[in-house]
Structure formats: C-alpha cells, structure tokens
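upload-v8.cif follows; it contains mmCIF, C-alpha atoms.
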data_upload
loop_
_atom_site.label_atom_id
_atom_site.label_comp_id
_atom_site.auth_asym_id
_atom_site.auth_seq_id
_atom_site.Cartn_x
_atom_site.Cartn_y
_atom_site.Cartn_z
CA MET A 1 35.99 -28.27 -55.24
CA SER A 2 33.01 -27.72 -52.97
CA THR A 3 31.99 -30.56 -50.69
CA GLY A 4 28.50 -29.14 -50.29
CA ALA A 5 28.93 -28.89 -46.50
CA PRO A 6 27.34 -25.79 -44.98
CA THR A 7 29.81 -23.17 -43.93
CA GLU A 8 29.64 -21.53 -40.50
CA THR A 9 28.19 -18.35 -41.99
CA SER A 10 25.44 -20.24 -43.84
CA ILE A 11 24.06 -21.95 -40.74
CA GLU A 12 21.00 -20.16 -39.42
CA ARG A 13 21.00 -20.06 -35.65
CA PRO A 14 17.68 -19.78 -33.89
CA VAL A 15 17.08 -16.44 -32.19
CA SER A 16 15.98 -16.97 -28.62
CA LYS A 17 12.99 -14.92 -27.60
CA ARG A 18 12.90 -13.50 -24.12
CA SER A 19 9.92 -14.84 -22.21
CA LEU A 20 7.79 -12.42 -20.21
CA SER A 21 6.18 -15.23 -18.20
CA TRP A 22 7.15 -15.58 -14.55
CA ARG A 23 9.42 -18.40 -13.42
CA VAL A 24 9.39 -19.89 -9.93
CA VAL A 25 12.73 -18.22 -9.20
CA ASP A 26 11.22 -14.88 -10.26
CA ILE A 27 8.41 -15.22 -7.73
CA VAL A 28 10.72 -16.31 -4.93
CA VAL A 29 13.33 -13.59 -5.44
CA ALA A 30 10.70 -10.91 -5.99
CA ALA A 31 8.99 -11.90 -2.74
CA VAL A 32 12.26 -11.93 -0.78
CA LEU A 33 13.26 -8.51 -2.07
CA ALA A 34 9.80 -7.04 -1.45
CA VAL A 35 9.63 -8.40 2.11
CA ALA A 36 13.08 -7.01 2.88
CA VAL A 37 12.09 -3.60 1.53
CA GLY A 38 8.84 -3.80 3.49
CA VAL A 39 10.88 -4.03 6.68
CA VAL A 40 12.84 -0.98 5.52
CA PHE A 41 9.50 0.78 4.98
CA LYS A 42 8.57 0.11 8.60
CA LEU A 43 11.90 1.36 9.91
CA TRP A 44 11.57 4.48 7.76
CA ASP A 45 8.20 5.20 9.41
CA PHE A 46 10.11 6.18 12.54
CA ALA A 47 12.63 8.39 10.75
CA TYR A 48 10.14 10.10 8.45
CA GLU A 49 8.24 11.96 11.15
CA PRO A 50 11.11 14.10 12.56
CA ILE A 51 12.85 14.54 9.19
CA GLY A 52 9.63 15.33 7.35
CA ALA A 53 8.51 17.75 10.04
CA GLY A 54 11.82 19.60 9.82
CA LEU A 55 11.62 19.90 6.06
CA GLY A 56 8.00 21.03 6.30
CA LEU A 57 9.01 23.91 8.55
CA VAL A 58 11.56 25.09 5.98
CA LEU A 59 9.23 24.70 2.99
CA PRO A 60 5.69 23.34 3.45
CA GLY A 61 5.25 20.34 1.20
CA SER A 62 8.94 19.56 0.92
CA GLN A 63 8.58 16.62 3.32
CA ALA A 64 7.83 14.58 0.20
CA LEU A 65 11.53 14.78 -0.61
CA VAL A 66 12.10 11.89 1.79
CA GLY A 67 9.08 9.90 0.64
CA GLY A 68 11.08 8.14 -2.05
CA VAL A 69 12.19 5.46 0.39
CA TRP A 70 8.63 4.09 0.24
CA LEU A 71 8.95 3.82 -3.53
CA LEU A 72 11.99 1.54 -3.68
CA ALA A 73 10.22 -1.80 -3.89
CA GLY A 74 8.59 -1.36 -7.30
CA PRO A 75 11.59 -0.33 -9.42
CA LEU A 76 13.95 -2.60 -7.44
CA VAL A 77 11.93 -5.76 -8.04
CA ALA A 78 11.18 -4.73 -11.63
CA ILE A 79 14.85 -4.23 -12.53
CA VAL A 80 15.68 -7.71 -11.25
CA VAL A 81 12.69 -9.72 -12.51
CA ARG A 82 11.95 -7.72 -15.69
CA LYS A 83 8.47 -9.13 -16.14
CA PRO A 84 5.06 -7.44 -16.40
CA GLY A 85 3.61 -6.84 -12.96
CA ALA A 86 6.94 -7.01 -11.11
CA ALA A 87 6.84 -3.39 -9.92
CA LEU A 88 3.23 -3.74 -8.80
CA PHE A 89 4.03 -7.03 -7.04
CA GLY A 90 6.99 -5.48 -5.24
CA GLU A 91 5.08 -2.43 -4.01
CA ILE A 92 2.03 -4.35 -2.81
CA VAL A 93 4.03 -7.03 -0.99
CA ALA A 94 6.28 -4.43 0.66
CA ALA A 95 3.26 -2.33 1.66
CA SER A 96 1.58 -5.44 3.09
CA VAL A 97 4.64 -6.22 5.21
CA GLU A 98 4.72 -2.62 6.46
CA ALA A 99 1.02 -2.76 7.34
CA MET A 100 1.37 -6.09 9.16
CA LEU A 101 4.26 -4.72 11.21
CA GLY A 102 2.08 -1.77 12.17
CA THR A 103 2.03 1.71 10.72
CA GLN A 104 0.21 4.97 11.41
CA TRP A 105 -1.47 4.71 8.00
CA GLY A 106 -2.86 1.24 8.65
CA TRP A 107 -3.95 -0.90 5.73
CA GLY A 108 -4.28 2.26 3.65
CA THR A 109 -0.66 1.59 2.77
CA LEU A 110 -1.94 -1.09 0.38
CA LEU A 111 -3.72 1.53 -1.69
CA SER A 112 -0.53 3.60 -1.74
CA GLY A 113 1.45 0.56 -2.84
CA LEU A 114 -1.11 -0.14 -5.55
CA VAL A 115 -1.05 3.31 -7.16
CA GLN A 116 2.73 3.59 -6.86
CA GLY A 117 3.25 0.20 -8.44
CA VAL A 118 0.88 1.07 -11.28
CA GLY A 119 2.84 4.27 -11.89
CA ALA A 120 6.05 2.34 -12.47
CA GLU A 121 4.28 -0.32 -14.54
CA ILE A 122 2.92 2.26 -16.98
CA VAL A 123 6.40 3.55 -17.78
CA LEU A 124 7.98 0.10 -18.06
CA ALA A 125 5.13 -1.09 -20.27
CA LEU A 126 5.75 1.82 -22.65
CA PHE A 127 9.20 0.32 -23.22
CA LEU A 128 7.69 -3.19 -23.53
CA TYR A 129 9.65 -4.33 -20.47
CA ARG A 130 12.76 -4.52 -22.63
CA VAL A 131 14.73 -1.37 -21.81
CA TRP A 132 16.36 -1.25 -18.39
CA LYS A 133 18.87 1.54 -18.77
CA LEU A 134 19.22 4.11 -16.00
CA PRO A 135 17.15 6.85 -17.72
CA VAL A 136 14.18 4.49 -18.04
CA VAL A 137 14.47 3.42 -14.41
CA MET A 138 14.65 7.08 -13.38
CA LEU A 139 11.50 7.75 -15.41
CA ALA A 140 9.78 4.86 -13.65
CA GLY A 141 10.90 6.33 -10.34
CA ALA A 142 9.44 9.69 -11.38
CA ALA A 143 6.13 7.98 -12.15
CA THR A 144 6.03 6.35 -8.72
CA GLY A 145 6.81 9.72 -7.19
CA LEU A 146 3.99 11.35 -9.12
CA ALA A 147 1.63 8.59 -7.96
CA LEU A 148 2.72 9.10 -4.35
CA GLY A 149 2.37 12.87 -4.57
CA LEU A 150 -1.11 12.84 -6.11
CA ASN A 151 -2.35 10.05 -3.84
CA ASP A 152 -1.17 11.81 -0.67
CA ALA A 153 -2.35 15.22 -1.84
CA PHE A 154 -5.90 13.97 -2.32
CA ARG A 155 -6.07 11.54 0.59
CA TYR A 156 -4.10 13.22 3.36
CA TYR A 157 -3.76 16.86 2.35
CA ALA A 158 -7.07 17.52 0.61
CA GLY A 159 -7.59 20.68 2.68
CA ALA A 160 -4.09 22.06 2.14
CA THR A 161 -3.35 25.12 0.02
CA ALA A 162 -2.68 24.75 -3.69
CA SER A 163 0.93 25.88 -3.21
CA PHE A 164 1.46 23.16 -0.60
CA GLN A 165 0.03 20.47 -2.86
CA VAL A 166 2.02 21.55 -5.90
CA THR A 167 5.23 21.66 -3.85
CA TYR A 168 4.42 18.26 -2.38
CA VAL A 169 3.87 16.62 -5.77
CA ILE A 170 7.01 18.17 -7.30
CA CYS A 171 9.13 17.08 -4.34
CA ALA A 172 7.63 13.59 -4.51
CA ILE A 173 8.64 13.32 -8.17
CA ILE A 174 12.18 14.48 -7.38
CA SER A 175 12.43 11.94 -4.57
CA GLY A 176 11.09 9.24 -6.87
CA VAL A 177 13.78 9.95 -9.46
CA VAL A 178 16.66 10.11 -6.97
CA VAL A 179 15.75 7.59 -4.26
CA SER A 180 13.49 5.15 -6.10
CA GLY A 181 15.04 5.40 -9.57
CA ILE A 182 18.76 5.92 -9.04
CA GLY A 183 18.66 4.27 -5.61
CA SER A 184 17.13 1.03 -6.86
CA TRP A 185 19.56 1.00 -9.80
CA LEU A 186 22.54 1.24 -7.46
CA LEU A 187 21.11 -1.40 -5.14
CA VAL A 188 20.75 -3.85 -8.02
CA ARG A 189 24.33 -3.17 -9.10
CA ALA A 190 25.53 -3.85 -5.55
CA LEU A 191 23.52 -7.07 -5.29
CA ALA A 192 24.68 -8.24 -8.71
CA ARG A 193 28.31 -7.93 -7.71
CA THR A 194 27.75 -10.40 -4.87
CA GLY A 195 26.60 -13.03 -7.37
CA VAL A 196 23.13 -13.54 -5.83
CA LEU A 197 21.44 -12.38 -9.04
CA SER A 198 23.33 -14.70 -11.38
CA SER A 199 20.05 -16.28 -12.55
CA PHE A 200 18.82 -12.93 -13.84
CA ALA A 201 19.78 -10.68 -16.72
CA ALA A 202 20.40 -7.86 -14.24
CA GLY A 203 22.96 -10.02 -12.45
CA ARG A 204 24.80 -10.79 -15.67
CA GLU A 205 24.78 -7.17 -16.79
CA HIS A 206 25.91 -5.61 -13.53
CA GLY A 207 27.91 -8.43 -11.98
CA ARG A 208 31.67 -8.63 -11.76
CA ARG A 209 33.30 -9.02 -15.11
CA PRO A 210 36.24 -11.41 -15.24
CA ARG A 211 39.60 -9.73 -15.60
CA SER A 212 41.35 -10.52 -18.83
CA SER A 213 44.42 -12.64 -18.33
CA ALA A 214 47.79 -11.15 -19.07
CA ALA A 215 49.24 -12.02 -22.43
#

structure tokens encoding of this file:
Amino acid sequence: MSTGAPTETSIERPVSKRSLSWRVVDIVVAAVLAVAVGVVFKLWDFAYEPIGAGLGLVLPGSQALVGGVWLLAGPLVAIVVRKPGAALFGEIVAASVEAMLGTQWGWGTLLSGLVQGVGAEIVLALFLYRVWKLPVVMLAGAATGLALGLNDAFRYYAGATASFQVTYVICAIISGVVVSGIGSWLLVRALARTGVLSSFAAGREHGRRPRSSAA
C-alpha cells in the first residue's frame, strides 16, 4: 500500500546555475595573480633582448617565439576566475605592473595588454565562458599570440619586410599556444595541487584527489 510519500527519484532538485558575476574573492585572486605575472613580465624584459636577438639572427622574425611569456596573465587569470573580462583584467593589470617597474616600451605596454586580453576574451566568449578544457585554453593562447604578433608588426616593425612580419606573427601564435596556453594550464594545475585555489572550480578540478581507502 502506498503511503503517498515522495520517493527519492520523484523529488525534483533545483539545478544550480553558475554565476558569471565577479565575487570579491575573484577580484582579489585575479589581482594577486596578475601582479605576480607582471613582475615576471619585468624580469623577462631582461632575458628577452639577448634571446630574441639570437633567434632573430637565425631567422628574422622568430624572436616572437619567446614573446609568449608576456601573454601568460590573460589565460592564467581566466582559467582560475572563469568570468567575463578575467583575461582582459589579468593582461592589463600585469602590463601596468610591468610599466610601473620600468620597461623599454613605457606605458605602451598597456595597449599591448589591452589587445592581447581582448584576443583571449573573444575565444572564451565563443564558448560562453563555460568550456575550460586544454584545447580551448590553447586556442585562447593562440588568439593572444595573434594579437601580439599583429600589434607588434604594425607598431614596432611597420617598416620590416613582409616575410619578416609573416614569420613574426606565425611565431607569436606558436608561442601563444605553447607558453600562454599550455603554460598557463600547467601553472593552474600546479597551483591547484597546493590547495590555494580551493574556492574556485579550477582548484576542485585540478587539485589533489583523495586516495580511495583500502577495502
């Protein structure tokens, strides 16, 4: 005889919708990550000149292969925060820190950060900020690399040959995929395993998984 009580399968459980609005913790962590990467940007300024010059001697335009370090902030912050504008926020804050610490490109780094952040945002927006698998992050890295390559080609190498500019843009895209895309993905995995990202979906996805107890 039925008691009329709802069974477990008949109970409708509310489906939680993921909010795309920023929380205070999102802003704080995004700022901390971006500032840290901005310091890395400044340190990379010193290494880029000799390394880039050496690559340029081998193949003019190939110095962009090491430009991906300046693209880390956008994808890195975006993977962690997963909100609209995170990549743009990360790139602009990191570029601002680099500029304040002093760089040969001056405050023009802000424009670079802007276009690179927009490049990543376009790709992530196409996936509605809901897909964070490695191929998507690599595609976002490629977009930042394309933005870097085109921006530099027009601003700094406007008088260069077409072959130089094409090589530069292609190498920038490659660097964006490898350094900015895969690199930021691996950095998030490493951070997640320390437990510092436990308040974020990225931390729960990539953090340490508890070992199953022996039977």

- Task: Let me know the residues the PyMOL selection byres ((chain A and resi 91) around 8) catches in the file above, as a PyMOL selection string.
- Result: chain A and resi 34+71-74+87-90+92-95+113-114+116-117

Preceding selection exported with C-alpha atoms as a tab-separated table (two decimals), keeping the file's coordinate frame:
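Heads up, here's the output in out_8.tsv:
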chain	number	residue	atom	x	y	z
A	34	ALA	CA	9.80	-7.04	-1.45
A	71	LEU	CA	8.95	3.82	-3.53
A	72	LEU	CA	11.99	1.54	-3.68
A	73	ALA	CA	10.22	-1.80	-3.89
A	74	GLY	CA	8.59	-1.36	-7.30
A	87	ALA	CA	6.84	-3.39	-9.92
A	88	LEU	CA	3.23	-3.74	-8.80
A	89	PHE	CA	4.03	-7.03	-7.04
A	90	GLY	CA	6.99	-5.48	-5.24
A	92	ILE	CA	2.03	-4.35	-2.81
A	93	VAL	CA	4.03	-7.03	-0.99
A	94	ALA	CA	6.28	-4.43	0.66
A	95	ALA	CA	3.26	-2.33	1.66
A	113	GLY	CA	1.45	0.56	-2.84
A	114	LEU	CA	-1.11	-0.14	-5.55
A	116	GLN	CA	2.73	3.59	-6.86
A	117	GLY	CA	3.25	0.20	-8.44

What residues come out when you apply the PyMOL selection byres ((chain A and resi 168) around 9) to this file, written as a PDB file with C-alpha atoms, in the coordinates of the input?
ATOM      1  CA  PRO A  60       5.690  23.340   3.450  1.00  0.00           C
ATOM      2  CA  GLY A  61       5.250  20.340   1.200  1.00  0.00           C
ATOM      3  CA  SER A  62       8.940  19.560   0.920  1.00  0.00           C
ATOM      4  CA  GLN A  63       8.580  16.620   3.320  1.00  0.00           C
ATOM      5  CA  ALA A  64       7.830  14.580   0.200  1.00  0.00           C
ATOM      6  CA  LEU A  65      11.530  14.780  -0.610  1.00  0.00           C
ATOM      7  CA  GLY A 149       2.370  12.870  -4.570  1.00  0.00           C
ATOM      8  CA  LEU A 150      -1.110  12.840  -6.110  1.00  0.00           C
ATOM      9  CA  ASP A 152      -1.170  11.810  -0.670  1.00  0.00           C
ATOM     10  CA  ALA A 153      -2.350  15.220  -1.840  1.00  0.00           C
ATOM     11  CA  SER A 163       0.930  25.880  -3.210  1.00  0.00           C
ATOM     12  CA  PHE A 164       1.460  23.160  -0.600  1.00  0.00           C
ATOM     13  CA  GLN A 165       0.030  20.470  -2.860  1.00  0.00           C
ATOM     14  CA  VAL A 166       2.020  21.550  -5.900  1.00  0.00           C
ATOM     15  CA  THR A 167       5.230  21.660  -3.850  1.00  0.00           C
ATOM     16  CA  VAL A 169       3.870  16.620  -5.770  1.00  0.00           C
ATOM     17  CA  ILE A 170       7.010  18.170  -7.300  1.00  0.00           C
ATOM     18  CA  CYS A 171       9.130  17.080  -4.340  1.00  0.00           C
ATOM     19  CA  ALA A 172       7.630  13.590  -4.510  1.00  0.00           C
ATOM     20  CA  ILE A 173       8.640  13.320  -8.170  1.00  0.00           C
TER      21      ILE A 173
END

- Could you give me, as a PyMOL selection string, the residues within 9 Å of Gly85 of chain A, counting all atoms listed in the file and dropping anything in the same chain fewer than 6 positions from it? chain A and resi 78+117-118+121

- Message: Given only C-alpha atoms as the basis, pick out the residue of A:Leu59, A:Trp44, A:Ser19, A:Glu98 nearest to Tyr129 of chain A.
- Response: A:Ser19

- Query: Could you write out as JSON, numbers by chain the residues that the PyMOL selection byres ((chain A and resi 79) around 8) matches in the shown file?
  - Reply: {"A": [75, 76, 77, 78, 80, 81, 82, 132, 137, 185, 188, 202]}

- For Val25 of chain A, the closest of A:Leu111, A:Ser199, A:Glu205, A:Val66 counting all atoms listed in the file is A:Ser199

- Query: Hey, can you check how far atom CA of Gly68 of chain A sits from atom CA of Ser21 of chain A?
  - Reply: 28.8 Å

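Pairwise distance (atom CA of Arg130 of chain A, atom CA of Leu148 of chain A) equals 24.9 Å.
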
- Message: Considering only C-alpha atoms, can you say which of A:Val115, A:Leu134, A:Ala125, A:Ala99 comes closest to Leu186 of chain A?
- Response: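 Of A:Val115, A:Leu134, A:Ala125, A:Ala99, the one nearest Leu186 of chain A, counting only C-alpha atoms, is A:Leu134.
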